[in-house]
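Take a look at the structure below.
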Amino acid sequence: MKYILASNWKANFTFEEAKIWFESIGSKYNEVRNEVRIIAAVPYVYVHYLSSYGIVDVFAQNVSHVKQGAFTGEVTVSMLKSVNCKGCIVGHSERRHIFGENDDIINKKILSLQENSMEIIFCIGEKLEERKEGKTKEVLFNQIVNGLKDFERFDLLIVAYEPVWAIGTGVPIEIPDLIDAENFIRKIFKDNFNIDNLTLLYGGSVDKEFVKKIKQETTMNGALIGSASWKPDGFIQIIDNFINA
Ligand code: PEP
């Protein structure tokens with residue numbers, strides 16, 4: 001089983017804090033790298049510097065859907081590639097719901113990353129009202145098939161199931177609901193793309209306790225973690241609990 005623990009820094013960390021995090025997690029990673037892959041999704045300005053540490057895999061948290069040209073302020077996939085960025089988060093609910101990114105934009109970003117052979121953490125997840133209305137499966141299906149239109153490089157793909165209502169709330173999903181969503185997502189990939197070894201993470205208020213349940217009670221491949229991963233000591237505890245579960 002291939003395991004991943006990915007830290008999503010969001011709009012946090014000074015440069016000094018970023019270096020401290022990398023040094024702490026980097027030395028921990030030397031002990032555990034055979035058991036789990038660690039990814040840090042960092043702000044653009046730190047990607048180049050942090051990639052040069054060469055230990056934890058550095059991802060961006062976003063990328064432009066345009067390839068190049070007169071698009072003031074945009075950061076493109078080829079720019080990220082040129083500073084040794086390994087991959088990028090796409091479709092995070094904060095991009096979808098705060099910045100209004102739709103499936104079409106998300107698909108363009110994914111295809112652009114594919115063209116440059118960069119990895120993708122593709123986030124999907126339903127909002128609370130969608131869950132209450134019984135639309136979870138419909139939402140997940142549409143996000144997957146629309147986001148992955150014309151996509152072929154499944155070796156580059158990591159999917160993160162992140163129910164929107166669980167992100168940053170301190171309340172993760174219940175395990176039976178996670179198992180239900182996991183089975184459904186894996187079936188979509190099998191039925192539509194003939195993929196039966198999808199790398200699938202859970203995200204949404206993962207902490208040092210919930211990470212044990214993910215490992216013990218589901219067949220998910222790990223987690224995408226926000227706030228609980230920002231303090232190096234806290235993330236090290238999560239790594240230890242996951243490995244020892
Ligand atoms: C996230 O933003 O991807 C996330 C899972 O955040 P948190 O762990 O803070 O809920």
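Labels for the structure tokens follow display order: chains A, B, ..., residues from 1 in each chain, ligands from 1.
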
Exercise for the section: Write out as JSON, numbers by chain the residues lying within 7 Å of Gly26 in chain A, counting only C-alpha atoms and excluding same-chain residues fewer than 3 positions away. Expected result: {"A": [22, 23, 29, 30, 55, 56]}

Closest pair table for chain A residues within 10 Å of ligand 1, only C-alpha atoms and all ligand atoms, as JSON lines:
```
{"residue": "A:Ala6", "atom": "CA", "partner": "ligand 1", "partner_atom_place_in_ligand_line": "3 (O)", "distance": 8.9}
{"residue": "A:Ser7", "atom": "CA", "partner": "ligand 1", "partner_atom_place_in_ligand_line": "3 (O)", "distance": 8.0}
{"residue": "A:Asn8", "atom": "CA", "partner": "ligand 1", "partner_atom_place_in_ligand_line": "3 (O)", "distance": 5.8}
{"residue": "A:Trp9", "atom": "CA", "partner": "ligand 1", "partner_atom_place_in_ligand_line": "2 (O)", "distance": 8.0}
{"residue": "A:Lys10", "atom": "CA", "partner": "ligand 1", "partner_atom_place_in_ligand_line": "2 (O)", "distance": 7.0}
{"residue": "A:Ala41", "atom": "CA", "partner": "ligand 1", "partner_atom_place_in_ligand_line": "3 (O)", "distance": 9.8}
{"residue": "A:Gln61", "atom": "CA", "partner": "ligand 1", "partner_atom_place_in_ligand_line": "3 (O)", "distance": 9.8}
{"residue": "A:Ile89", "atom": "CA", "partner": "ligand 1", "partner_atom_place_in_ligand_line": "3 (O)", "distance": 9.2}
{"residue": "A:His92", "atom": "CA", "partner": "ligand 1", "partner_atom_place_in_ligand_line": "3 (O)", "distance": 6.8}
{"residue": "A:Ser93", "atom": "CA", "partner": "ligand 1", "partner_atom_place_in_ligand_line": "2 (O)", "distance": 7.8}
{"residue": "A:Glu94", "atom": "CA", "partner": "ligand 1", "partner_atom_place_in_ligand_line": "2 (O)", "distance": 7.5}
{"residue": "A:Cys123", "atom": "CA", "partner": "ligand 1", "partner_atom_place_in_ligand_line": "3 (O)", "distance": 8.2}
{"residue": "A:Ala160", "atom": "CA", "partner": "ligand 1", "partner_atom_place_in_ligand_line": "3 (O)", "distance": 8.4}
{"residue": "A:Tyr161", "atom": "CA", "partner": "ligand 1", "partner_atom_place_in_ligand_line": "5 (C)", "distance": 9.2}
{"residue": "A:Glu162", "atom": "CA", "partner": "ligand 1", "partner_atom_place_in_ligand_line": "5 (C)", "distance": 6.5}
{"residue": "A:Pro163", "atom": "CA", "partner": "ligand 1", "partner_atom_place_in_ligand_line": "5 (C)", "distance": 8.8}
{"residue": "A:Val164", "atom": "CA", "partner": "ligand 1", "partner_atom_place_in_ligand_line": "10 (O)", "distance": 8.7}
{"residue": "A:Trp165", "atom": "CA", "partner": "ligand 1", "partner_atom_place_in_ligand_line": "10 (O)", "distance": 9.0}
{"residue": "A:Ala166", "atom": "CA", "partner": "ligand 1", "partner_atom_place_in_ligand_line": "10 (O)", "distance": 6.1}
{"residue": "A:Ile167", "atom": "CA", "partner": "ligand 1", "partner_atom_place_in_ligand_line": "10 (O)", "distance": 3.5}
{"residue": "A:Gly168", "atom": "CA", "partner": "ligand 1", "partner_atom_place_in_ligand_line": "10 (O)", "distance": 3.6}
{"residue": "A:Thr169", "atom": "CA", "partner": "ligand 1", "partner_atom_place_in_ligand_line": "10 (O)", "distance": 6.3}
{"residue": "A:Gly170", "atom": "CA", "partner": "ligand 1", "partner_atom_place_in_ligand_line": "10 (O)", "distance": 6.7}
{"residue": "A:Val171", "atom": "CA", "partner": "ligand 1", "partner_atom_place_in_ligand_line": "10 (O)", "distance": 8.2}
{"residue": "A:Pro172", "atom": "CA", "partner": "ligand 1", "partner_atom_place_in_ligand_line": "10 (O)", "distance": 7.8}
{"residue": "A:Tyr202", "atom": "CA", "partner": "ligand 1", "partner_atom_place_in_ligand_line": "5 (C)", "distance": 7.8}
{"residue": "A:Gly203", "atom": "CA", "partner": "ligand 1", "partner_atom_place_in_ligand_line": "5 (C)", "distance": 4.1}
{"residue": "A:Gly204", "atom": "CA", "partner": "ligand 1", "partner_atom_place_in_ligand_line": "10 (O)", "distance": 3.8}
{"residue": "A:Ser205", "atom": "CA", "partner": "ligand 1", "partner_atom_place_in_ligand_line": "10 (O)", "distance": 3.6}
{"residue": "A:Val206", "atom": "CA", "partner": "ligand 1", "partner_atom_place_in_ligand_line": "8 (O)", "distance": 5.1}
{"residue": "A:Asp207", "atom": "CA", "partner": "ligand 1", "partner_atom_place_in_ligand_line": "8 (O)", "distance": 7.4}
{"residue": "A:Ala223", "atom": "CA", "partner": "ligand 1", "partner_atom_place_in_ligand_line": "5 (C)", "distance": 8.1}
{"residue": "A:Leu224", "atom": "CA", "partner": "ligand 1", "partner_atom_place_in_ligand_line": "5 (C)", "distance": 5.5}
{"residue": "A:Ile225", "atom": "CA", "partner": "ligand 1", "partner_atom_place_in_ligand_line": "8 (O)", "distance": 4.1}
{"residue": "A:Gly226", "atom": "CA", "partner": "ligand 1", "partner_atom_place_in_ligand_line": "8 (O)", "distance": 3.4}
{"residue": "A:Ser227", "atom": "CA", "partner": "ligand 1", "partner_atom_place_in_ligand_line": "9 (O)", "distance": 4.0}
{"residue": "A:Ala228", "atom": "CA", "partner": "ligand 1", "partner_atom_place_in_ligand_line": "8 (O)", "distance": 6.1}
{"residue": "A:Ser229", "atom": "CA", "partner": "ligand 1", "partner_atom_place_in_ligand_line": "8 (O)", "distance": 7.6}
{"residue": "A:Trp230", "atom": "CA", "partner": "ligand 1", "partner_atom_place_in_ligand_line": "9 (O)", "distance": 9.2}
```

Expected file: the selected residues, N, CA and C atoms, as an mmCIF file, in the first residue's frame:
```cif
data_model
loop_
_atom_site.group_PDB
_atom_site.id
_atom_site.type_symbol
_atom_site.label_atom_id
_atom_site.label_comp_id
_atom_site.auth_asym_id
_atom_site.auth_seq_id
_atom_site.Cartn_x
_atom_site.Cartn_y
_atom_site.Cartn_z
ATOM 1 N N ALA A 6 0.098 14.604 3.245
ATOM 2 C CA ALA A 6 0.384 15.874 2.567
ATOM 3 C C ALA A 6 -0.063 17.023 3.454
ATOM 4 N N SER A 7 0.819 18.002 3.598
ATOM 5 C CA SER A 7 0.510 19.179 4.415
ATOM 6 C C SER A 7 0.162 20.347 3.491
ATOM 7 N N ASN A 8 -1.009 20.910 3.718
ATOM 8 C CA ASN A 8 -1.420 22.079 2.939
ATOM 9 C C ASN A 8 -1.232 23.327 3.804
ATOM 10 N N TRP A 9 -0.255 24.134 3.450
ATOM 11 C CA TRP A 9 0.085 25.291 4.291
ATOM 12 C C TRP A 9 -0.922 26.434 4.144
ATOM 13 N N LYS A 10 -1.643 26.470 3.055
ATOM 14 C CA LYS A 10 -2.550 27.600 2.756
ATOM 15 C C LYS A 10 -1.764 28.913 2.823
ATOM 16 N N ALA A 41 2.558 21.283 0.448
ATOM 17 C CA ALA A 41 2.022 22.212 -0.558
ATOM 18 C C ALA A 41 2.201 23.619 0.008
ATOM 19 N N GLN A 61 0.220 25.158 -4.253
ATOM 20 C CA GLN A 61 -1.190 25.050 -3.818
ATOM 21 C C GLN A 61 -2.153 25.468 -4.906
ATOM 22 N N ILE A 89 -1.711 21.196 -5.978
ATOM 23 C CA ILE A 89 -3.108 20.953 -5.581
ATOM 24 C C ILE A 89 -4.005 21.650 -6.600
ATOM 25 N N HIS A 92 -9.057 22.604 -4.872
ATOM 26 C CA HIS A 92 -9.322 22.738 -3.431
ATOM 27 C C HIS A 92 -10.607 23.538 -3.231
ATOM 28 N N SER A 93 -11.364 23.191 -2.206
ATOM 29 C CA SER A 93 -12.670 23.845 -2.026
ATOM 30 C C SER A 93 -12.522 25.344 -1.810
ATOM 31 N N GLU A 94 -11.393 25.771 -1.236
ATOM 32 C CA GLU A 94 -11.217 27.229 -1.062
ATOM 33 C C GLU A 94 -11.025 27.908 -2.416
ATOM 34 N N CYS A 123 -8.603 17.772 -5.635
ATOM 35 C CA CYS A 123 -9.542 17.772 -4.511
ATOM 36 C C CYS A 123 -10.985 17.768 -5.002
ATOM 37 N N ALA A 160 -7.887 13.749 -3.556
ATOM 38 C CA ALA A 160 -8.157 14.020 -2.140
ATOM 39 C C ALA A 160 -9.646 14.262 -1.974
ATOM 40 N N TYR A 161 -10.306 13.351 -1.239
ATOM 41 C CA TYR A 161 -11.715 13.562 -0.924
ATOM 42 C C TYR A 161 -11.788 14.454 0.312
ATOM 43 N N GLU A 162 -12.314 15.659 0.119
ATOM 44 C CA GLU A 162 -12.381 16.635 1.203
ATOM 45 C C GLU A 162 -13.797 17.216 1.282
ATOM 46 N N PRO A 163 -14.670 16.615 2.107
ATOM 47 C CA PRO A 163 -15.995 17.210 2.245
ATOM 48 C C PRO A 163 -15.847 18.648 2.748
ATOM 49 N N VAL A 164 -16.478 19.580 2.067
ATOM 50 C CA VAL A 164 -16.238 21.003 2.353
ATOM 51 C C VAL A 164 -16.577 21.341 3.802
ATOM 52 N N TRP A 165 -17.634 20.723 4.311
ATOM 53 C CA TRP A 165 -18.111 21.002 5.662
ATOM 54 C C TRP A 165 -17.160 20.485 6.737
ATOM 55 N N ALA A 166 -16.177 19.671 6.345
ATOM 56 C CA ALA A 166 -15.225 19.142 7.333
ATOM 57 C C ALA A 166 -13.912 19.926 7.335
ATOM 58 N N ILE A 167 -13.742 20.816 6.370
ATOM 59 C CA ILE A 167 -12.458 21.526 6.264
ATOM 60 C C ILE A 167 -12.426 22.691 7.243
ATOM 61 N N GLY A 168 -11.417 22.663 8.102
ATOM 62 C CA GLY A 168 -11.193 23.766 9.032
ATOM 63 C C GLY A 168 -12.245 23.884 10.126
ATOM 64 N N THR A 169 -13.090 22.874 10.290
ATOM 65 C CA THR A 169 -14.170 22.970 11.285
ATOM 66 C C THR A 169 -13.832 22.245 12.577
ATOM 67 N N GLY A 170 -12.804 21.416 12.561
ATOM 68 C CA GLY A 170 -12.474 20.607 13.741
ATOM 69 C C GLY A 170 -13.317 19.344 13.835
ATOM 70 N N VAL A 171 -14.182 19.121 12.857
ATOM 71 C CA VAL A 171 -15.055 17.938 12.889
ATOM 72 C C VAL A 171 -14.853 17.119 11.609
ATOM 73 N N PRO A 172 -14.062 16.042 11.694
ATOM 74 C CA PRO A 172 -13.891 15.211 10.498
ATOM 75 C C PRO A 172 -15.139 14.383 10.204
ATOM 76 N N TYR A 202 -7.844 11.354 2.306
ATOM 77 C CA TYR A 202 -8.952 12.066 2.944
ATOM 78 C C TYR A 202 -8.422 13.383 3.503
ATOM 79 N N GLY A 203 -9.216 14.449 3.385
ATOM 80 C CA GLY A 203 -8.877 15.724 4.008
ATOM 81 C C GLY A 203 -10.091 16.341 4.662
ATOM 82 N N GLY A 204 -9.868 17.019 5.786
ATOM 83 C CA GLY A 204 -10.952 17.693 6.496
ATOM 84 C C GLY A 204 -10.807 17.441 7.982
ATOM 85 N N SER A 205 -10.143 18.405 8.672
ATOM 86 C CA SER A 205 -9.980 18.334 10.131
ATOM 87 C C SER A 205 -9.278 17.066 10.604
ATOM 88 N N VAL A 206 -8.339 16.581 9.791
ATOM 89 C CA VAL A 206 -7.527 15.434 10.243
ATOM 90 C C VAL A 206 -6.624 15.907 11.380
ATOM 91 N N ASP A 207 -6.575 15.113 12.440
ATOM 92 C CA ASP A 207 -5.661 15.410 13.550
ATOM 93 C C ASP A 207 -4.950 14.134 13.946
ATOM 94 N N ALA A 223 -3.647 11.108 3.972
ATOM 95 C CA ALA A 223 -4.438 12.302 4.266
ATOM 96 C C ALA A 223 -3.802 13.568 3.714
ATOM 97 N N LEU A 224 -4.684 14.535 3.431
ATOM 98 C CA LEU A 224 -4.278 15.915 3.132
ATOM 99 C C LEU A 224 -4.677 16.717 4.369
ATOM 100 N N ILE A 225 -3.700 17.377 4.957
ATOM 101 C CA ILE A 225 -3.915 17.953 6.295
ATOM 102 C C ILE A 225 -3.601 19.441 6.275
ATOM 103 N N GLY A 226 -4.529 20.222 6.797
ATOM 104 C CA GLY A 226 -4.309 21.660 6.913
ATOM 105 C C GLY A 226 -3.747 22.009 8.274
ATOM 106 N N SER A 227 -4.578 22.647 9.104
ATOM 107 C CA SER A 227 -4.072 23.302 10.318
ATOM 108 C C SER A 227 -3.287 22.394 11.253
ATOM 109 N N ALA A 228 -3.655 21.124 11.360
ATOM 110 C CA ALA A 228 -2.942 20.252 12.305
ATOM 111 C C ALA A 228 -1.512 19.943 11.854
ATOM 112 N N SER A 229 -1.174 20.322 10.625
ATOM 113 C CA SER A 229 0.182 20.018 10.120
ATOM 114 C C SER A 229 1.101 21.234 10.149
ATOM 115 N N TRP A 230 0.603 22.374 10.597
ATOM 116 C CA TRP A 230 1.399 23.599 10.451
ATOM 117 C C TRP A 230 2.515 23.714 11.474
#
```

Practice task
Assign secondary structure with DSSP using the backbone only, and return the residues of range 53-199 of chain A in alpha helix (DSSP H) as a VMD selection string.
Solution key: chain A and resid 77 to 82 93 to 97 103 to 115 128 to 132 136 to 147 175 to 193

Handout entry: Nearby residues (only C-alpha atoms) at most 12 Å from His48 in chain A, same-chain spacing under 6 positions excluded, as a PyMOL selection string
Key = chain A and resi 15+42+54+57-60+79-86

Handout entry: Close residues, range 232-238 of chain A itself excluded, 8 Å, only C-alpha atoms, min 5 positions apart in chain, as a list of chain:residue names
Key =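 Within the cut-off, the hits are A:Trp21, A:Ser24, A:Ile25, A:Lys28, A:Asp207, A:Lys208, A:Glu209, A:Val211.
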
Practice task
Extract, using only C-alpha atoms, all DNA, RNA and protein residues at most 12 Å from Ile195 in chain A, discarding same-chain residues fewer than 3 positions from it, and format them as a list of chain:residue names.
Solution key: A:Glu152, A:Arg153, A:Phe154, A:Asp155, A:Leu157, A:Ile185, A:Arg186, A:Lys187, A:Ile188, A:Phe189, A:Lys190, A:Asp191, A:Asn192, A:Leu198, A:Thr199, A:Leu200

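For range 104-148 of chain A, backbone-based DSSP labels the following residues as strand (DSSP E): Glu119, Ile120, Ile121, Phe122, Cys123 and Ile124 of chain A.
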
Handout entry: Nearest-residue call for Met1 in chain A, choices A:Met220, A:Ile239, A:Leu128, A:Val90, using only C-alpha atoms
Key =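 Closest to Met1 in chain A, using only C-alpha atoms: A:Met220.
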
Practice task
Could you please determine the separation between CA of Tyr44 in chain A and CA of Gly73 in chain A in Å, to one decimal place?
Solution key: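 Atom-to-atom, CA of Tyr44 in chain A to CA of Gly73 in chain A, that is 11.7 Å.
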
Exercise for the section: Point out the residue among A:Ser27, A:Ser64, A:Asn241, A:Asn142 with the least atom-to-atom distance to Val77 in chain A, counting only C-alpha atoms. Expected result: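 Residue with the minimum atom-to-atom distance to Val77 in chain A: A:Ser64.
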